[in-house]
Structure formats: structure tokens, C-alpha cells
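Below: run-v2.txt (compact mmCIF, C-alpha atoms)
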# COMPACT_ATOMS: atom_id res chain seq x y z
CA MET A 7 -24.15 -18.28 -2.29
CA ARG A 8 -20.38 -18.07 -2.03
CA ILE A 9 -18.73 -15.75 -4.55
CA ARG A 10 -15.42 -17.04 -5.97
CA LEU A 11 -12.56 -15.16 -7.59
CA SER A 12 -13.08 -17.23 -10.73
CA ASP A 13 -16.73 -16.11 -11.16
CA HIS A 14 -18.00 -13.79 -13.89
CA PHE A 15 -18.85 -10.50 -12.18
CA ILE A 16 -21.97 -8.53 -13.01
CA TYR A 17 -22.53 -5.25 -11.12
CA GLY A 18 -24.53 -6.91 -8.34
CA ARG A 19 -21.98 -9.66 -7.71
CA LEU A 20 -19.08 -7.19 -7.87
CA LEU A 21 -20.75 -4.93 -5.31
CA ARG A 22 -21.61 -7.85 -3.03
CA PHE A 23 -18.01 -9.04 -3.13
CA THR A 24 -16.46 -5.61 -2.53
CA LEU A 25 -19.03 -4.26 -0.06
CA PRO A 26 -17.46 -6.03 2.95
CA SER A 27 -14.10 -4.48 2.03
CA ILE A 28 -15.68 -1.04 1.77
CA ALA A 29 -17.32 -1.53 5.15
CA MET A 30 -14.00 -2.78 6.56
CA MET A 31 -12.22 0.39 5.50
CA VAL A 32 -15.03 2.59 6.82
CA PHE A 33 -14.95 0.86 10.20
CA THR A 34 -11.16 1.05 10.27
CA SER A 35 -11.45 4.81 9.86
CA ILE A 36 -13.80 4.84 12.84
CA TYR A 37 -10.87 4.14 15.17
CA GLY A 38 -9.52 7.66 14.78
CA LEU A 39 -12.93 9.26 14.32
CA VAL A 40 -14.31 7.91 17.61
CA ASP A 41 -11.18 8.94 19.51
CA GLY A 42 -11.50 12.40 18.01
CA PHE A 43 -15.19 12.73 18.89
CA PHE A 44 -14.80 11.73 22.53
CA VAL A 45 -11.54 13.60 23.09
CA SER A 46 -12.81 16.80 21.47
CA ASN A 47 -16.11 16.81 23.39
CA TYR A 48 -14.94 15.43 26.76
CA VAL A 49 -11.28 16.45 27.06
CA GLY A 50 -10.97 19.61 24.94
CA LYS A 51 -9.57 21.02 21.73
CA THR A 52 -5.92 21.00 22.92
CA ALA A 53 -5.99 17.22 23.40
CA PHE A 54 -7.95 16.90 20.13
CA ALA A 55 -5.25 18.88 18.29
CA ALA A 56 -2.53 16.75 19.96
CA ILE A 57 -4.02 13.50 18.64
CA ASN A 58 -4.23 14.92 15.13
CA LEU A 59 -0.64 16.16 15.34
CA ILE A 60 0.95 12.85 16.43
CA ASP A 61 -1.40 10.33 14.77
CA PRO A 62 0.16 10.64 11.26
CA VAL A 63 3.37 9.15 12.70
CA PHE A 64 1.52 5.92 13.46
CA THR A 65 -0.11 5.91 10.04
CA ILE A 66 3.43 5.79 8.64
CA VAL A 67 4.13 2.79 10.90
CA GLY A 68 0.96 1.03 9.76
CA SER A 69 1.89 1.62 6.13
CA LEU A 70 4.58 -1.07 6.36
CA GLY A 71 1.85 -3.59 7.07
CA MET A 72 -0.21 -2.17 4.22
CA MET A 73 2.76 -2.49 1.85
CA ILE A 74 3.37 -6.17 2.63
CA GLY A 75 -0.35 -6.93 2.79
CA ALA A 76 -1.23 -5.32 -0.55
CA GLY A 77 1.92 -6.48 -2.35
CA GLY A 78 1.69 -9.93 -0.80
CA THR A 79 -1.97 -10.27 -1.72
CA ALA A 80 -1.18 -9.80 -5.40
CA ILE A 81 1.46 -12.56 -5.21
CA VAL A 82 -0.73 -14.95 -3.19
CA CYS A 83 -3.69 -14.38 -5.54
CA LYS A 84 -1.52 -14.95 -8.58
CA ALA A 85 -0.35 -18.28 -7.08
CA LEU A 86 -3.98 -19.26 -6.43
CA GLY A 87 -4.86 -18.32 -10.02
CA GLU A 88 -2.05 -20.64 -11.14
CA LYS A 89 -3.60 -23.43 -8.98
CA ASP A 90 -0.60 -23.61 -6.60
CA SER A 91 -2.34 -23.44 -3.20
CA GLU A 92 0.63 -24.87 -1.29
CA LYS A 93 2.91 -22.09 -2.45
CA ALA A 94 0.19 -19.51 -1.79
CA ASN A 95 -0.03 -20.62 1.87
CA GLU A 96 3.74 -20.58 2.26
CA TYR A 97 3.89 -17.02 0.97
CA PHE A 98 0.94 -15.97 3.15
CA SER A 99 2.56 -17.35 6.32
CA MET A 100 5.86 -15.66 5.53
CA PHE A 101 4.20 -12.28 5.04
CA VAL A 102 2.34 -12.49 8.37
CA HIS A 103 5.48 -13.42 10.31
CA ILE A 104 7.49 -10.64 8.69
CA VAL A 105 4.87 -8.00 9.53
CA LEU A 106 4.73 -9.21 13.14
CA LEU A 107 8.53 -9.00 13.48
CA ILE A 108 8.66 -5.50 12.00
CA GLY A 109 5.84 -4.44 14.33
CA VAL A 110 7.70 -5.55 17.46
CA VAL A 111 10.84 -3.68 16.46
CA THR A 112 8.83 -0.59 15.55
CA ALA A 113 7.03 -0.62 18.91
CA ALA A 114 10.34 -0.54 20.80
CA ILE A 115 11.69 2.33 18.71
CA GLY A 116 8.43 4.27 18.83
CA TRP A 117 8.31 4.38 22.63
CA PHE A 118 11.50 6.45 22.77
CA ALA A 119 10.99 8.44 19.57
CA VAL A 120 7.56 9.94 20.33
CA GLU A 121 8.68 12.94 22.42
CA PRO A 122 11.41 14.24 20.08
CA LEU A 123 9.07 13.74 17.11
CA ALA A 124 6.31 15.70 18.83
CA ARG A 125 8.72 18.55 19.57
CA LEU A 126 9.87 18.50 15.96
CA LEU A 127 6.25 18.83 14.81
CA GLY A 128 5.86 21.98 16.89
CA ALA A 129 4.08 20.63 19.98
CA GLU A 130 4.79 22.40 23.27
CA GLY A 131 3.26 22.78 26.72
CA GLN A 132 0.13 20.71 27.35
CA MET A 133 -0.11 19.68 23.71
CA LEU A 134 3.36 18.12 23.94
CA LYS A 135 2.40 16.17 27.07
CA ASP A 136 -0.75 14.88 25.39
CA CYS A 137 1.20 13.86 22.27
CA VAL A 138 3.66 11.83 24.34
CA ILE A 139 0.96 10.06 26.35
CA TYR A 140 -1.10 9.13 23.29
CA GLY A 141 1.95 8.23 21.21
CA ARG A 142 3.66 5.95 23.73
CA ILE A 143 0.56 3.92 24.49
CA SER A 144 -0.22 3.66 20.77
CA SER A 145 3.31 2.44 20.04
CA ILE A 146 2.68 -0.63 22.21
CA GLY A 147 -0.03 -1.70 19.77
CA ALA A 148 2.15 -1.24 16.66
CA PRO A 149 2.43 -5.00 15.84
CA PHE A 150 -1.36 -5.38 15.96
CA PHE A 151 -1.98 -2.13 14.10
CA MET A 152 0.30 -3.25 11.27
CA LEU A 153 -1.11 -6.77 11.14
CA GLN A 154 -4.62 -5.37 10.99
CA PHE A 155 -3.75 -3.57 7.75
CA SER A 156 -2.39 -6.81 6.26
CA MET A 157 -5.22 -9.05 7.43
CA GLN A 158 -7.85 -6.88 5.75
CA THR A 159 -6.47 -7.78 2.32
CA PHE A 160 -5.79 -11.44 3.14
CA PHE A 161 -9.38 -12.07 4.26
CA ILE A 162 -10.49 -10.98 0.79
CA THR A 163 -7.88 -13.18 -0.87
CA ALA A 164 -9.12 -16.11 1.21
CA GLU A 165 -12.62 -15.53 -0.24
CA LYS A 166 -13.84 -14.52 3.23
CA PRO A 167 -14.60 -10.80 2.87
CA LYS A 168 -17.60 -11.05 5.21
CA LEU A 169 -15.46 -12.55 7.96
CA GLY A 170 -12.95 -9.77 7.41
CA LEU A 171 -15.81 -7.30 7.77
CA PHE A 172 -16.92 -8.98 11.00
CA THR A 173 -13.39 -8.70 12.39
CA THR A 174 -13.17 -5.01 11.54
CA VAL A 175 -16.66 -4.26 12.89
CA PHE A 176 -15.76 -6.14 16.07
CA GLY A 177 -12.67 -3.97 16.45
CA GLY A 178 -14.59 -0.78 15.64
CA VAL A 179 -17.42 -1.50 18.08
CA SER A 180 -14.89 -2.44 20.77
CA ASN A 181 -13.19 0.91 20.22
CA ILE A 182 -16.48 2.82 20.54
CA VAL A 183 -17.44 1.03 23.76
CA LEU A 184 -13.98 1.40 25.29
CA ASP A 185 -13.76 5.09 24.32
CA TRP A 186 -17.12 5.72 25.98
CA LEU A 187 -16.08 3.77 29.08
CA LEU A 188 -12.54 5.18 29.47
CA ILE A 189 -13.26 8.80 28.48
CA ALA A 190 -16.92 9.61 29.16
CA VAL A 191 -17.58 7.29 32.15
CA ILE A 192 -14.11 6.86 33.66
CA PRO A 193 -12.41 10.24 33.04
CA TRP A 194 -9.02 8.97 31.86
CA GLY A 195 -8.85 11.65 29.19
CA ILE A 196 -6.25 11.10 26.48
CA TRP A 197 -4.96 8.00 28.32
CA GLY A 198 -8.36 6.42 27.81
CA ALA A 199 -8.41 7.23 24.10
CA ALA A 200 -5.02 5.60 23.52
CA VAL A 201 -5.80 2.51 25.62
CA ALA A 202 -9.19 2.05 23.91
CA THR A 203 -7.68 2.15 20.41
CA THR A 204 -4.78 -0.15 21.27
CA LEU A 205 -7.00 -2.75 22.96
CA SER A 206 -9.55 -2.78 20.14
CA GLN A 207 -6.84 -3.30 17.51
CA THR A 208 -5.31 -6.10 19.58
CA LEU A 209 -8.63 -7.92 19.96
CA ALA A 210 -9.50 -7.73 16.25
CA THR A 211 -6.06 -8.83 15.05
CA THR A 212 -5.83 -11.70 17.56
CA PHE A 213 -9.14 -13.06 16.27
CA ALA A 214 -7.83 -12.96 12.68
CA LEU A 215 -4.60 -14.77 13.62
CA ILE A 216 -6.48 -17.50 15.48
CA TYR A 217 -8.85 -18.03 12.54
CA PHE A 218 -6.10 -18.48 9.97
CA ALA A 219 -3.95 -20.59 12.32
CA CYS A 220 -6.79 -23.09 12.95
CA PRO A 221 -8.33 -25.44 10.36
CA ASN A 222 -10.77 -23.35 8.32
CA SER A 223 -12.80 -23.36 5.11
CA SER A 224 -10.93 -20.48 3.45
CA LEU A 225 -8.25 -20.64 0.75
CA LEU A 226 -5.48 -19.72 3.21
CA ARG A 227 -3.94 -21.32 6.27
CA LEU A 228 -1.34 -19.75 8.60
CA THR A 229 1.47 -22.11 9.61
CA VAL A 230 4.15 -21.65 12.26
CA LYS A 231 6.90 -23.12 10.15
CA THR A 232 7.84 -21.17 7.08
CA ARG A 233 10.94 -19.75 5.45
CA VAL A 234 11.88 -16.41 3.99
CA TYR A 235 11.53 -16.23 0.23
CA GLY A 236 13.80 -13.25 -0.29
CA LYS A 237 12.92 -12.64 -3.92
CA VAL A 238 9.17 -12.96 -3.26
CA LEU A 239 9.37 -10.67 -0.22
CA GLY A 240 11.25 -8.10 -2.28
CA GLN A 241 8.66 -8.36 -5.04
CA ALA A 242 5.86 -7.87 -2.50
CA CYS A 243 7.58 -4.77 -1.09
CA VAL A 244 8.03 -3.29 -4.56
CA ASN A 245 4.53 -4.28 -5.62
CA GLY A 246 2.95 -2.87 -2.46
CA SER A 247 5.15 0.20 -2.36
CA SER A 248 2.41 2.36 -3.83
CA GLU A 249 0.13 1.56 -0.88
CA MET A 250 2.98 2.35 1.52
CA VAL A 251 3.75 5.54 -0.40
CA ASP A 252 0.06 6.48 -0.19
CA ASN A 253 0.04 6.13 3.59
CA ILE A 254 3.43 7.70 4.22
CA ALA A 255 2.70 10.53 1.83
CA TYR A 256 -0.70 11.09 3.42
CA SER A 257 0.96 11.29 6.83
CA ILE A 258 3.63 13.66 5.60
CA VAL A 259 0.96 15.82 4.00
CA THR A 260 -0.99 15.83 7.28
CA ILE A 261 2.14 16.85 9.19
CA LEU A 262 2.86 19.59 6.65
CA TYR A 263 -0.77 20.71 6.69
CA ASN A 264 -0.70 20.95 10.49
CA THR A 265 2.56 22.92 10.40
CA GLN A 266 1.10 25.37 7.90
CA LEU A 267 -2.15 25.66 9.82
CA LEU A 268 -0.33 26.36 13.09
CA LYS A 269 1.38 29.18 11.22
CA TYR A 270 -1.78 30.66 9.63
CA TYR A 271 -4.58 29.74 12.07
CA GLY A 272 -2.96 28.49 15.29
CA GLU A 273 -4.40 25.65 17.36
CA ASP A 274 -7.89 26.14 15.86
CA GLY A 275 -6.50 25.41 12.39
CA VAL A 276 -5.11 22.03 13.53
CA ALA A 277 -8.40 21.18 15.23
CA ALA A 278 -10.40 22.13 12.12
CA TYR A 279 -8.16 20.03 9.91
CA GLY A 280 -8.69 17.15 12.32
CA VAL A 281 -12.39 17.22 11.45
CA LEU A 282 -11.55 17.34 7.73
CA MET A 283 -9.30 14.30 8.18
CA TYR A 284 -11.98 12.28 9.93
CA VAL A 285 -14.60 13.10 7.30
CA GLY A 286 -12.02 12.45 4.57
CA PHE A 287 -11.21 9.07 6.15
CA ILE A 288 -14.83 7.98 5.85
CA PHE A 289 -15.36 9.13 2.26
CA SER A 290 -11.97 8.00 0.92
CA ALA A 291 -12.41 4.67 2.73
CA ILE A 292 -15.22 3.88 0.30
CA TYR A 293 -12.85 4.27 -2.65
CA TYR A 294 -9.99 2.40 -1.01
CA GLY A 295 -12.33 -0.32 0.22
CA TYR A 296 -13.61 -0.89 -3.30
CA ALA A 297 -10.05 -0.90 -4.66
CA MET A 298 -8.99 -3.40 -1.99
CA GLY A 299 -12.00 -5.62 -2.60
CA SER A 300 -11.63 -5.71 -6.38
CA ALA A 301 -7.82 -6.14 -6.42
CA PRO A 302 -7.82 -9.92 -5.71
CA ILE A 303 -10.27 -10.42 -8.61
CA VAL A 304 -7.94 -8.49 -10.91
CA SER A 305 -4.86 -10.43 -9.71
CA TYR A 306 -6.63 -13.78 -10.07
CA ASN A 307 -7.76 -13.10 -13.63
CA PHE A 308 -4.35 -11.69 -14.49
CA GLY A 309 -2.72 -14.91 -13.25
CA ALA A 310 -5.32 -17.07 -15.00
CA GLN A 311 -4.95 -14.99 -18.22
CA THR A 312 -8.73 -14.54 -18.52
CA HIS A 313 -8.53 -11.21 -20.32
CA GLY A 314 -12.24 -10.98 -21.08
CA GLU A 315 -13.10 -10.95 -17.39
CA LEU A 316 -10.26 -8.50 -16.71
CA LYS A 317 -11.83 -6.09 -19.21
CA ASN A 318 -15.22 -6.62 -17.60
CA ILE A 319 -13.91 -5.78 -14.10
CA PHE A 320 -12.03 -2.69 -15.32
CA ARG A 321 -15.01 -1.29 -17.23
CA LYS A 322 -17.48 -1.80 -14.39
CA SER A 323 -15.03 -0.47 -11.80
CA MET A 324 -14.46 2.79 -13.63
CA THR A 325 -18.22 3.29 -13.96
CA LEU A 326 -18.77 2.67 -10.24
CA VAL A 327 -15.88 4.89 -9.14
CA CYS A 328 -17.06 7.85 -11.23
CA GLY A 329 -20.64 7.45 -10.01
CA LEU A 330 -19.49 7.31 -6.40
CA GLY A 331 -17.60 10.57 -6.86
CA VAL A 332 -20.72 12.50 -7.82
CA ALA A 333 -22.78 10.95 -5.01
CA MET A 334 -20.18 11.58 -2.30
CA LEU A 335 -19.68 15.22 -3.26
CA ALA A 336 -23.43 15.85 -3.00
CA ILE A 337 -23.68 14.07 0.37
CA ALA A 338 -20.67 15.92 1.81
CA GLN A 339 -21.97 19.34 0.79
CA VAL A 340 -25.37 18.71 2.40
CA ALA A 341 -23.91 17.15 5.58
CA THR A 342 -21.16 19.73 6.19
CA PRO A 343 -22.95 21.76 8.93
CA ALA A 344 -23.94 18.62 10.86
CA LEU A 345 -20.49 17.04 10.58
CA SER A 346 -18.81 20.22 11.80
CA SER A 347 -21.23 20.53 14.71
CA VAL A 348 -20.66 16.96 15.91
CA PHE A 349 -16.98 17.59 16.54
CA VAL A 350 -16.60 21.28 17.35
CA GLY A 351 -20.12 22.62 17.88
CA TYR A 352 -19.13 23.71 21.39
CA ASP A 353 -16.88 26.50 19.95
CA LYS A 354 -18.70 28.93 17.60
CA GLU A 355 -15.56 30.37 15.97
CA LEU A 356 -13.98 26.95 15.46
CA TYR A 357 -17.27 25.59 14.10
CA GLU A 358 -17.49 28.34 11.47
CA LEU A 359 -13.87 27.81 10.39
CA THR A 360 -14.44 24.05 10.12
CA ARG A 361 -17.70 24.42 8.17
CA GLN A 362 -16.14 26.72 5.57
CA ALA A 363 -13.03 24.54 5.22
CA LEU A 364 -15.06 21.34 4.82
CA ARG A 365 -17.21 22.78 2.02
CA ILE A 366 -14.07 23.50 0.00
CA TYR A 367 -12.20 20.31 0.94
CA SER A 368 -15.12 18.00 0.05
CA VAL A 369 -14.87 18.91 -3.65
CA SER A 370 -11.83 16.59 -3.72
CA PHE A 371 -14.17 13.59 -3.20
CA LEU A 372 -15.33 14.05 -6.80
CA PHE A 373 -11.85 13.34 -8.20
CA MET A 374 -9.97 11.07 -5.78
CA GLY A 375 -11.60 7.77 -6.75
CA VAL A 376 -9.88 7.38 -10.12
CA ALA A 377 -6.35 7.71 -8.69
CA ALA A 378 -7.18 5.48 -5.69
CA PHE A 379 -8.55 2.72 -7.93
CA GLY A 380 -5.90 3.18 -10.64
CA SER A 381 -3.00 2.80 -8.24
CA SER A 382 -4.51 -0.34 -6.69
CA PHE A 383 -5.36 -1.71 -10.14
CA PHE A 384 -1.71 -1.60 -11.27
CA THR A 385 -0.61 -3.16 -7.97
CA ALA A 386 -3.04 -6.01 -8.63
CA LEU A 387 -1.48 -6.42 -12.10
CA ASN A 388 1.91 -6.80 -10.36
CA ASP A 389 3.07 -3.49 -11.83
CA GLY A 390 4.29 -1.84 -8.66
CA VAL A 391 6.33 0.75 -10.54
CA VAL A 392 3.39 2.47 -12.26
CA SER A 393 1.35 2.20 -9.08
CA ALA A 394 4.14 3.81 -7.04
CA VAL A 395 4.62 6.61 -9.59
CA ILE A 396 0.92 7.50 -9.38
CA SER A 397 1.00 7.50 -5.58
CA PHE A 398 4.27 9.41 -5.36
CA LEU A 399 3.33 12.18 -7.77
CA ARG A 400 -0.19 12.42 -6.41
CA VAL A 401 1.01 13.42 -2.97
CA PHE A 402 4.69 14.33 -2.92
CA VAL A 403 4.45 16.57 -5.98
CA PHE A 404 0.84 17.63 -6.49
CA GLU A 405 -0.45 17.84 -2.92
CA ILE A 406 2.66 19.08 -1.13
CA GLY A 407 3.21 21.62 -3.89
CA ALA A 408 -0.37 22.85 -3.53
CA ILE A 409 -0.14 23.11 0.28
CA LEU A 410 2.99 25.23 0.04
CA LEU A 411 1.98 27.43 -2.89
CA MET A 412 -1.79 27.97 -2.60
CA PRO A 413 -1.76 30.14 0.56
CA VAL A 414 1.20 32.15 -0.77
CA LEU A 415 -0.45 32.83 -4.13
CA PHE A 416 -4.11 33.17 -3.13
CA GLY A 417 -4.19 33.83 0.63
CA LYS A 418 -4.44 31.56 3.66
CA GLU A 419 -8.02 30.44 2.89
CA ALA A 420 -6.73 28.74 -0.28
CA ILE A 421 -4.90 26.14 1.79
CA TRP A 422 -8.20 24.25 2.17
CA ALA A 423 -8.35 23.83 -1.63
CA ALA A 424 -4.90 22.23 -1.88
CA VAL A 425 -6.31 18.69 -1.85
CA VAL A 426 -8.86 19.57 -4.54
CA VAL A 427 -6.10 20.78 -6.87
CA SER A 428 -3.86 17.77 -6.21
CA GLU A 429 -6.63 15.18 -6.67
CA PHE A 430 -7.65 16.68 -9.99
CA ALA A 431 -4.03 16.55 -11.19
CA ALA A 432 -3.80 12.92 -10.00
CA LEU A 433 -6.96 12.05 -11.94
CA LEU A 434 -5.39 13.35 -15.16
CA LEU A 435 -2.12 11.47 -14.48
CA THR A 436 -3.89 8.18 -13.72
CA THR A 437 -5.98 8.48 -16.87
CA VAL A 438 -2.81 8.83 -18.95
CA PHE A 439 -1.30 5.67 -17.42
CA LEU A 440 -4.52 3.70 -17.93
CA ILE A 441 -4.57 4.66 -21.60
CA ILE A 442 -0.86 3.91 -22.16
CA ASN A 443 -0.96 0.44 -20.55
CA ARG A 444 -4.32 -0.79 -21.85
CA LYS A 445 -2.82 -2.99 -24.60
CA LYS A 446 0.04 -4.29 -22.47
CA TYR A 447 -2.30 -5.81 -19.86
CA ARG A 448 -5.33 -6.19 -22.16
CA TYR A 449 -7.89 -4.71 -19.78
CA ALA A 450 -9.41 -2.34 -22.34
Target format C-alpha cells, applied to this file:
Amino acid sequence: MRIRLSDHFIYGRLLRFTLPSIAMMVFTSIYGLVDGFFVSNYVGKTAFAAINLIDPVFTIVGSLGMMIGAGGTAIVCKALGEKDSEKANEYFSMFVHIVLLIGVVTAAIGWFAVEPLARLLGAEGQMLKDCVIYGRISSIGAPFFMLQFSMQTFFITAEKPKLGLFTTVFGGVSNIVLDWLLIAVIPWGIWGAAVATTLSQTLATTFALIYFACPNSSLLRLTVKTRVYGKVLGQACVNGSSEMVDNIAYSIVTILYNTQLLKYYGEDGVAAYGVLMYVGFIFSAIYYGYAMGSAPIVSYNFGAQTHGELKNIFRKSMTLVCGLGVAMLAIAQVATPALSSVFVGYDKELYELTRQALRIYSVSFLFMGVAAFGSSFFTALNDGVVSAVISFLRVFVFEIGAILLMPVLFGKEAIWAAVVVSEFAALLLTTVFLIINRKKYRYA
């Protein structure tokens, strides 16, 4: 039975509606994880460290697509809630064309900027060569990488979360097969990793574009002819700025983390943090997937002024997010040895460093869900300012501050706890904003 945005959501229906989005985010995180697994085990830890050093740059690029996708989704959903489907499709088409244009420009710039950026990040020798190879090939796929971020949210808005899941799974499976073929079977090394990721993103995004461009049964239709609604585009950018800030900030934190780890632990520190990132991608993807899946419901009910259902969604979401935090911490602690072994089991010293770091780092999974959901929740309410403040302080103040200060105050091992400290501070901040704004938006 098809679930509609206008439905009343009990726990089961809410989970069924958001589960495809959660799975989408998990499979999206597989892109980097699979590259990391094959490169680390078949090419070596220098190439593995190189990918982790340069990859945050492309996360920043993809964040532009996330910004327009998340901010645009709130606007499109609000128009659908107001029963103006024609305007919703016009906005949707504009957002897709804008993301595609930005992606093409970014690809051209990225090709030339990769080498100086890699040098700036501290890469040299073979690591520098690997960064340039991976970065230049990845830059070619920038338009598709950015569109993929946007399409994930628009599939949910179109009431087709399962089709969005299929598209993401298709891309993820393609990446796994191509990584195996171009790294394990055909020894292309880091070339193979970059080509596999770029091709898989291109295939998945092309499918999504074709679906929305052709007659379909969803709420949205992509048209060739559209115009730029400057005010609406600006609103989408402001509204989705928190999602962009999240991604940019995360990338900056990763770059800073890698710089600090090169200083304290050398190449092994960067490789160990790469494993933490991949595990963190999977666990945080569950939170972000739920936030993404529930956001259109929030925006629809906000536009329709059905405050009772808005309260219902908020209450159930907070219960689910807190329960997930406890479950994920327990799973991560038990699975730490196995997860470390999968990536770096071939190097005893690196394995031990990774295992110890992951035990500490995984405590952050207990806290991060509230801030992830809270930021998305305010975006869905078209309050991009509060959402951006949460995202900005969460990373640029709390996390960066912790990365810089923890090893100085408590020794180099404390750097692994920086995320734990910052996520707990973000939880407190988000709670304050949720309490302050509860009467304004009538969700509690």
C-alpha cells in the first residue's frame, strides 16, 4: 500500500516510509567504503591514506548539491502541501538544472586544482601522485556526484522512496562490482578505484534523470523548459545551508584531523582515521537517512498547517533517534575488532591503533542523532537559520576546537575523543533550540 505524505504516521508506517532513505544513505556511504577496502587490501596503505586525504575535497563539492536538494525539497514539499503541483514541478526542474550547471563548472575547476590542494594538505611523494590521479578522475564525475545528492531527497518528495533506494543500491552494487573488476582482477590500482566510483555515480544519476524526465506516476516531473526563480533559489540555498555546512564542515574537520594525525602518528594515523570515517559513514548514515526520509513529512504538514500530525512526527522521531543511539553504540563496541581487521588486518601495529581509536570514537554514535535530526527538522520547517547555526557550531566550534585542544591538554590519544566531546555539546545545543522554538512551530 502506497504511503502518502498526508497520512497519519504510526511507528510502523513512519519506519516503512523512512527505511528506504536510511538504506539510500547507507549505500551511498558504501561508495567510499568499498574503494577503501579494495585499495587498502590490494594497493596498500599509502594509496589508502591518499584517498582519505583528498576525498574530503569532493565531499565539499557534493555539498552544493545537498544544499540545493535539501533546501529545494522543503520548498517543493511546501508547494505540494499547498496543492500547487504545477509550481512544485517548476521549482523541481529549476533546482535540477542549477545543480547540473554548477557541477559542470566545478568539474573543470577541480581538474586543475587537485594537485595544489593535495600539496597544501601535506601530500608528497607517492601519496601526492595517488591524490592527483584519484582526484582528477573523480572531478570528471562532479556533476553526477552532486546530482546524486539532490535526487536522493527528491525521490522521497515524489513519494517514491523505494525507487530512490533502488537507484542508490544500483549505484552501490555497480561500484562494488567495478572496484572488484578494476582493482582485484584488472590491477589498475588507484586508477581503478576512481573510475569505478565515477562510473557507478554516473549510471545511478542518469537513471534518476531519465525517470523524472519521462511520464511517471510520481508527484514530480522534470521538464527541459524552466526559468530561474531567483528568490526561490536564494531561499533554497539559505534553507539548505545547514546541510551544506554539515558536509563542508565535516570535510574541513577531516582535513584538519588528517593534518593533526600526520603530525602525531604519521601515515598510520591517516590510515586509521580512514577506517573510522568509513565506519562513521555507515552509522551516521542511519541518522541522516532517517532525517532525510522524515523531512518531507514535516514540510508537508507544516505547509498544510496540520499541527497535530507535526507533533506526532516530532515525538516519534525523538524516541526513535534516542533508541538508535543506544543500539548503535552497543553494536559498534562489539564489532570494533572485526571492523578494524577488515581494513587493516594485514598490519598488526596499524590494526591495534585502529581498534583502540574506534572504541573511543564510537561513543559519539550515542549522541549524534539528536543534532542530525534537529538540524534537518528545522530545515524542513523552512527555518534555515536555526538549522545552519546548529550545524555551524556543531563542527566549526565544538569539533574543530576539540581536535585542536584535546591532544594538547590530554595527550595525543585524546584526539580520538574529539568527536565524542563535540557531539555531546551539539546534543545540548540542539535540545535548547528545540525547547525555545516549540511554541513558534507548534510541534510540541
Using all atoms listed in the file, can you tell me which of A:Pro343, A:Gly18, A:Gly75, A:Gly87 comes closest to Leu106 in chain A?
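Nearest candidate to Leu106 in chain A out of A:Pro343, A:Gly18, A:Gly75, A:Gly87: A:Gly75.
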Using all atoms listed in the file, what residues lie at most 8 Å away from (-10.8, 0.2, 20.2) (file coordinates), given as a ChimeraX atom specification?
/A:37,177-185,201-207
Shell of 8 Å around Ala408 in chain A, only C-alpha atoms, local chain residues under 2 positions omitted, as number ranges by chain:
A: 404-406, 410-412, 421, 424-425, 427-428
List as number ranges by chain the residues having at least one atom at most 9 Å from position (0.0, 15.4, 2.7) as given in the file, counting only C-alpha atoms.
A: 254-263, 401-402, 405-406, 409, 425
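Residue nearest Leu228 in chain A within the list A:Tyr284, A:Phe308, A:Phe118, A:Tyr97: A:Tyr97 [criterion: smallest interatomic distance, all atoms listed in the file].
Candidate residues A:Val110, A:Ile28, A:Ile216, A:Ile396 were compared for distance to Pro149 in chain A, and the nearest is A:Val110, using all atoms listed in the file.
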Which neighbours of Gln311 in chain A fall inside 12 Å, counting only C-alpha atoms, when residues of the same chain fewer than 6 positions from it are skipped, and could you give them as a list in words?
Ser12, Lys84, Gly87, Glu88, Ile303, Val304, Ser305, Lys317, Leu387, Tyr447, Arg448 and Tyr449 of chain A
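Between Gly286 in chain A and the residues A:Trp422, A:Phe371, A:Phe213, A:Trp186, the shortest atom-to-atom distance, using all atoms listed in the file, involves A:Phe371.
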If you count all atoms listed in the file, which residues fall within 7 Å of Met374 in chain A, apart from same-chain ones fewer than 4 positions away, as a list in words?
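The filter keeps Ser370, Ala378, Glu429 and Leu433 of chain A.
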For Ile81 in chain A, the nearest of the candidates A:Tyr357, A:Phe44, A:Phe161, A:Phe101, counting all atoms listed in the file:
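Between A:Tyr357, A:Phe44, A:Phe161, A:Phe101, the residue approaching Ile81 in chain A most closely is A:Phe101.
CA of Gln266 in chain A lies 29.1 Å from CA of Gly198 in chain A.
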Would you pick out the contacts of Val395 in chain A at 9 Å or less, using all atoms listed in the file, so that residues sharing its chain but fewer than 4 positions from it are not included, and give the list as a list in words?
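Contacts, with the query itself left out: Ser248, Ser381, Gly390, Val391, Leu399 and Arg400 of chain A.
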Do you have the CA of Ala278 in chain A-CA of Leu415 in chain A distance handy?
21.9 Å
How many Å separate CA of Thr385 in chain A from CA of Ser35 in chain A?
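CA of Ser35 in chain A lies at a distance of 22.3 Å from CA of Thr385 in chain A.
Closest approach to Ala114 in chain A among A:Lys322, A:Lys237, A:Lys166, A:Arg142 is made by A:Arg142 (distances from all atoms listed in the file).
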Non-local contacts of Ile162 in chain A (10 Å; all atoms listed in the file; under 6 positions in same chain excluded) as a list in words:
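Selected residues are Leu11, Phe23, Thr24, Pro26, Ser27, Thr79, Cys83, Lys168, Leu169, Gly170, Leu171, Ser224, Leu225, Met298, Gly299, Ser300, Ala301, Pro302 and Ile303 of chain A.
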Once you count all atoms listed in the file, what closest atom pair and distance in Å to one decimal does each residue of range 196-280 of chain A within 7 Å of range 92-96 of chain A have, with rows by chain and rising residue number, as a Markdown table?
| residue | atom | partner | partner_atom | distance |
| --- | --- | --- | --- | --- |
| A:Leu226 | CA | A:Asn95 | CA | 5.7 |
| A:Arg227 | CA | A:Asn95 | CA | 5.9 |
| A:Leu228 | CA | A:Asn95 | CA | 6.9 |
| A:Thr232 | CA | A:Glu96 | CA | 6.4 |
